[in-house]
Amino acid sequence: MELYLVRHATAEEAARAGGRDADRELTEEGRERCREAARGMVRLGFEVDVILTSPMKRAVQTAEILGGSIGPKTSVVSLDSLAPGGDHAETLRHLVHCGKSGVMLVGHMPDLSELASVLVAGNHETAFHFKKSAVLALSVDGSPGPGSAVVEGFLQPGVLRRIRKGE
């Protein structure tokens, strides 16, 4: 299984209506930078069957942009365990039963860093600093679980934008 962990793109500091954190939307700059990063992922040959996303609006919007760039057959599915403070064990259980070879997870910091640490090191002690729209590419032989993943690449958004341009 190929796993791609992506932090949501740049969002509003505060939600427009209601003020709920869950309702914060991507900024126009965030949308554009996410599209550019997605084009870099496509140029690198990322193959994704499904995108699992936090239900927070900014993550869903990021997942939709990524899905639209990666391919029309890429489905986007909301997963509560990817919300801030979500249950990593539940995310891993979902991955075990997912049955897909290319899975992208869109979420938040510090949760993505913690999930990456569990997948790579089997604990919460390894820090991965995800900038907004960054992607951590992992490969997993067998069943996804603690310590099962190998880092294939960790690309920050500026690098993805340069790749998109062919630099």
# chains A, B, ... in the order shown; residues from 1 in each chain; ligands from 1

$ residues_around --residues "range 70-83 of chain A" --least-positions-apart "4" --cutoff "10 Å" --atoms "only C-alpha atoms" --output "count of residues only"
42

$ select_by_dssp --residues "chain A" --states "strand (DSSP E or B)" --output "JSON, numbers by chain"
{"A": [2, 3, 4, 5, 6, 7, 11, 26, 50, 51, 52, 53, 75, 76, 77, 78, 102, 103, 104, 105, 106, 107, 135, 136, 137, 138, 139, 140, 149, 150, 151, 152, 153, 154, 155]}

$ write_last_selection --atoms "C-alpha atoms" --output "PDB file, in the first residue's frame"
ATOM      1  CA  GLU A   2       1.146   3.516  -0.821  1.00  0.00           C
ATOM      2  CA  LEU A   3       0.050   6.088   1.772  1.00  0.00           C
ATOM      3  CA  TYR A   4       0.198   9.831   1.286  1.00  0.00           C
ATOM      4  CA  LEU A   5      -0.341  11.996   4.366  1.00  0.00           C
ATOM      5  CA  VAL A   6      -1.249  15.585   3.450  1.00  0.00           C
ATOM      6  CA  ARG A   7      -1.835  18.580   5.680  1.00  0.00           C
ATOM      7  CA  ALA A  11      -7.293  28.368   5.644  1.00  0.00           C
ATOM      8  CA  LEU A  26      -9.438  27.613   2.458  1.00  0.00           C
ATOM      9  CA  VAL A  50      -9.226   7.003  -2.405  1.00  0.00           C
ATOM     10  CA  ILE A  51      -8.722  10.154  -0.363  1.00  0.00           C
ATOM     11  CA  LEU A  52      -9.731   9.897   3.284  1.00  0.00           C
ATOM     12  CA  THR A  53     -10.217  13.293   4.856  1.00  0.00           C
ATOM     13  CA  SER A  75     -13.181   9.118  -4.396  1.00  0.00           C
ATOM     14  CA  VAL A  76     -13.150  11.413  -1.359  1.00  0.00           C
ATOM     15  CA  VAL A  77     -14.430   9.954   1.925  1.00  0.00           C
ATOM     16  CA  SER A  78     -14.778  11.780   5.242  1.00  0.00           C
ATOM     17  CA  GLY A 102      -3.059   4.048  -3.049  1.00  0.00           C
ATOM     18  CA  VAL A 103      -4.572   5.987  -0.151  1.00  0.00           C
ATOM     19  CA  MET A 104      -4.235   9.675   0.666  1.00  0.00           C
ATOM     20  CA  LEU A 105      -5.068  10.974   4.151  1.00  0.00           C
ATOM     21  CA  VAL A 106      -5.840  14.692   4.562  1.00  0.00           C
ATOM     22  CA  GLY A 107      -5.679  16.051   8.075  1.00  0.00           C
ATOM     23  CA  VAL A 135       2.854  15.428   1.643  1.00  0.00           C
ATOM     24  CA  LEU A 136       4.602  12.519   3.330  1.00  0.00           C
ATOM     25  CA  ALA A 137       4.787   9.492   1.024  1.00  0.00           C
ATOM     26  CA  LEU A 138       4.943   6.132   2.795  1.00  0.00           C
ATOM     27  CA  SER A 139       4.999   2.547   1.598  1.00  0.00           C
ATOM     28  CA  VAL A 140       3.562  -0.269   3.664  1.00  0.00           C
ATOM     29  CA  ALA A 149       5.685   2.117   7.017  1.00  0.00           C
ATOM     30  CA  VAL A 150       8.825   3.247   5.244  1.00  0.00           C
ATOM     31  CA  VAL A 151       9.303   6.890   4.241  1.00  0.00           C
ATOM     32  CA  GLU A 152       9.542   7.222   0.461  1.00  0.00           C
ATOM     33  CA  GLY A 153       9.567  11.027   0.431  1.00  0.00           C
ATOM     34  CA  PHE A 154       8.599  14.093   2.416  1.00  0.00           C
ATOM     35  CA  LEU A 155       7.779  16.998   0.147  1.00  0.00           C
TER      36      LEU A 155
END

$ atom_distance --atom1 "CA of Gly122 in chain A" --atom2 "CA of Leu160 in chain A"
27.7 Å

$ residues_around --residues "Pro144 in chain A" --least-positions-apart "2" --cutoff "8 Å" --atoms "only C-alpha atoms" --output "NGL selection string"
:A and (92 or 95-96 or 119 or 140-142 or 146 or 148-149)

$ atom_distance --atom1 "CA of Thr27 in chain A" --atom2 "CA of Lys132 in chain A"
11.9 Å

$ residues_around --residues "Thr62 in chain A" --least-positions-apart "4" --cutoff "7 Å" --atoms "only C-alpha atoms" --output "list in words"
His8, Ala9, Cys34, Arg58 and Leu66 of chain A

$ select_by_dssp --residues "range 91-123 of chain A" --states "helix (DSSP H, G or I)" --output "compact mmCIF listing (two decimals) with all heavy atoms, in the first residue's frame"
# COMPACT_ATOMS: atom_id res chain seq x y z
N THR A 91 -8.13 5.15 12.65
CA THR A 91 -7.64 5.39 11.29
C THR A 91 -6.90 4.17 10.77
O THR A 91 -7.11 3.74 9.63
CB THR A 91 -6.72 6.64 11.25
OG1 THR A 91 -7.47 7.78 11.68
CG2 THR A 91 -6.18 6.88 9.86
N LEU A 92 -6.05 3.58 11.59
CA LEU A 92 -5.32 2.38 11.17
C LEU A 92 -6.27 1.22 10.88
O LEU A 92 -6.08 0.50 9.90
CB LEU A 92 -4.29 1.98 12.23
CG LEU A 92 -3.12 2.95 12.42
CD1 LEU A 92 -2.23 2.48 13.56
CD2 LEU A 92 -2.33 3.12 11.14
N ARG A 93 -7.30 1.05 11.71
CA ARG A 93 -8.28 -0.01 11.45
C ARG A 93 -8.97 0.22 10.11
O ARG A 93 -9.20 -0.72 9.34
CB ARG A 93 -9.32 -0.08 12.58
CG ARG A 93 -8.83 -0.79 13.82
CD ARG A 93 -9.95 -1.07 14.82
NE ARG A 93 -10.49 0.13 15.42
CZ ARG A 93 -9.97 0.76 16.47
NH1 ARG A 93 -8.86 0.30 17.03
NH2 ARG A 93 -10.53 1.85 16.96
N HIS A 94 -9.29 1.46 9.83
CA HIS A 94 -9.93 1.77 8.55
C HIS A 94 -8.99 1.45 7.39
O HIS A 94 -9.43 0.90 6.38
CB HIS A 94 -10.36 3.24 8.51
CG HIS A 94 -11.25 3.55 7.37
ND1 HIS A 94 -12.60 3.29 7.39
CD2 HIS A 94 -10.98 4.06 6.14
CE1 HIS A 94 -13.13 3.64 6.24
NE2 HIS A 94 -12.17 4.11 5.46
N LEU A 95 -7.71 1.76 7.53
CA LEU A 95 -6.74 1.47 6.48
C LEU A 95 -6.60 -0.03 6.24
O LEU A 95 -6.49 -0.48 5.10
CB LEU A 95 -5.38 2.07 6.82
CG LEU A 95 -5.27 3.58 6.73
CD1 LEU A 95 -3.91 4.04 7.25
CD2 LEU A 95 -5.49 4.06 5.31
N VAL A 96 -6.63 -0.80 7.31
CA VAL A 96 -6.52 -2.26 7.20
C VAL A 96 -7.66 -2.81 6.35
O VAL A 96 -7.46 -3.70 5.51
CB VAL A 96 -6.49 -2.92 8.59
CG1 VAL A 96 -6.70 -4.42 8.50
CG2 VAL A 96 -5.19 -2.61 9.31
N HIS A 97 -8.85 -2.26 6.51
CA HIS A 97 -10.04 -2.77 5.81
C HIS A 97 -10.34 -2.02 4.52
O HIS A 97 -11.30 -2.35 3.83
CB HIS A 97 -11.26 -2.72 6.74
CG HIS A 97 -11.08 -3.55 7.96
ND1 HIS A 97 -10.99 -4.92 7.93
CD2 HIS A 97 -10.94 -3.21 9.26
CE1 HIS A 97 -10.81 -5.39 9.14
NE2 HIS A 97 -10.78 -4.37 9.98
N CYS A 98 -9.51 -1.06 4.18
CA CYS A 98 -9.74 -0.21 3.01
C CYS A 98 -9.67 -0.97 1.69
O CYS A 98 -10.46 -0.75 0.79
CB CYS A 98 -8.74 0.94 3.04
SG CYS A 98 -8.95 2.14 1.74
N ASP A 111 -1.76 16.17 14.60
CA ASP A 111 -2.26 14.80 14.45
C ASP A 111 -1.57 14.03 13.33
O ASP A 111 -1.25 12.85 13.50
CB ASP A 111 -3.77 14.82 14.21
CG ASP A 111 -4.51 15.52 15.32
OD1 ASP A 111 -4.66 16.75 15.25
OD2 ASP A 111 -4.92 14.84 16.27
N LEU A 112 -1.33 14.69 12.17
CA LEU A 112 -0.64 13.99 11.08
C LEU A 112 0.76 13.58 11.48
O LEU A 112 1.21 12.48 11.15
CB LEU A 112 -0.58 14.87 9.83
CG LEU A 112 -1.81 14.90 8.95
CD1 LEU A 112 -1.56 15.81 7.76
CD2 LEU A 112 -2.21 13.53 8.48
N SER A 113 1.46 14.44 12.21
CA SER A 113 2.80 14.12 12.67
C SER A 113 2.78 12.90 13.59
O SER A 113 3.60 11.99 13.48
CB SER A 113 3.43 15.31 13.38
OG SER A 113 4.73 14.99 13.84
N GLU A 114 1.80 12.87 14.49
CA GLU A 114 1.67 11.75 15.41
C GLU A 114 1.34 10.46 14.67
O GLU A 114 1.91 9.40 14.94
CB GLU A 114 0.60 12.05 16.46
CG GLU A 114 1.00 13.19 17.39
CD GLU A 114 -0.16 13.69 18.24
OE1 GLU A 114 -1.29 13.14 18.13
OE2 GLU A 114 0.06 14.64 19.00
N LEU A 115 0.41 10.53 13.71
CA LEU A 115 0.04 9.35 12.93
C LEU A 115 1.25 8.85 12.13
O LEU A 115 1.52 7.65 12.08
CB LEU A 115 -1.13 9.66 12.00
CG LEU A 115 -1.59 8.53 11.09
CD1 LEU A 115 -2.02 7.30 11.91
CD2 LEU A 115 -2.72 9.00 10.19
N ALA A 116 1.98 9.78 11.51
CA ALA A 116 3.19 9.39 10.76
C ALA A 116 4.20 8.71 11.67
O ALA A 116 4.81 7.70 11.31
CB ALA A 116 3.80 10.62 10.09
N SER A 117 4.38 9.25 12.87
CA SER A 117 5.32 8.67 13.82
C SER A 117 4.91 7.24 14.19
O SER A 117 5.75 6.35 14.27
CB SER A 117 5.41 9.54 15.07
OG SER A 117 6.34 9.00 15.99
N VAL A 118 3.62 7.04 14.42
CA VAL A 118 3.14 5.68 14.74
C VAL A 118 3.40 4.74 13.58
O VAL A 118 3.89 3.62 13.76
CB VAL A 118 1.63 5.71 15.10
CG1 VAL A 118 1.05 4.30 15.15
CG2 VAL A 118 1.42 6.42 16.43
N LEU A 119 3.08 5.18 12.36
CA LEU A 119 3.26 4.32 11.19
C LEU A 119 4.73 3.99 10.93
O LEU A 119 5.07 2.86 10.58
CB LEU A 119 2.66 4.98 9.95
CG LEU A 119 1.14 4.94 9.86
CD1 LEU A 119 0.63 5.97 8.86
CD2 LEU A 119 0.68 3.53 9.47
N VAL A 120 5.61 4.97 11.10
CA VAL A 120 7.03 4.78 10.76
C VAL A 120 7.82 4.19 11.92
O VAL A 120 8.57 3.24 11.76
CB VAL A 120 7.65 6.11 10.29
CG1 VAL A 120 9.16 5.99 10.10
CG2 VAL A 120 6.99 6.59 9.00
N ALA A 121 7.66 4.78 13.11
CA ALA A 121 8.50 4.39 14.25
C ALA A 121 7.79 3.51 15.27
O ALA A 121 8.44 2.96 16.16
CB ALA A 121 9.03 5.65 14.95

$ atom_distance --atom1 "CA of Lys131 in chain A" --atom2 "CA of Gly68 in chain A"
21.2 Å
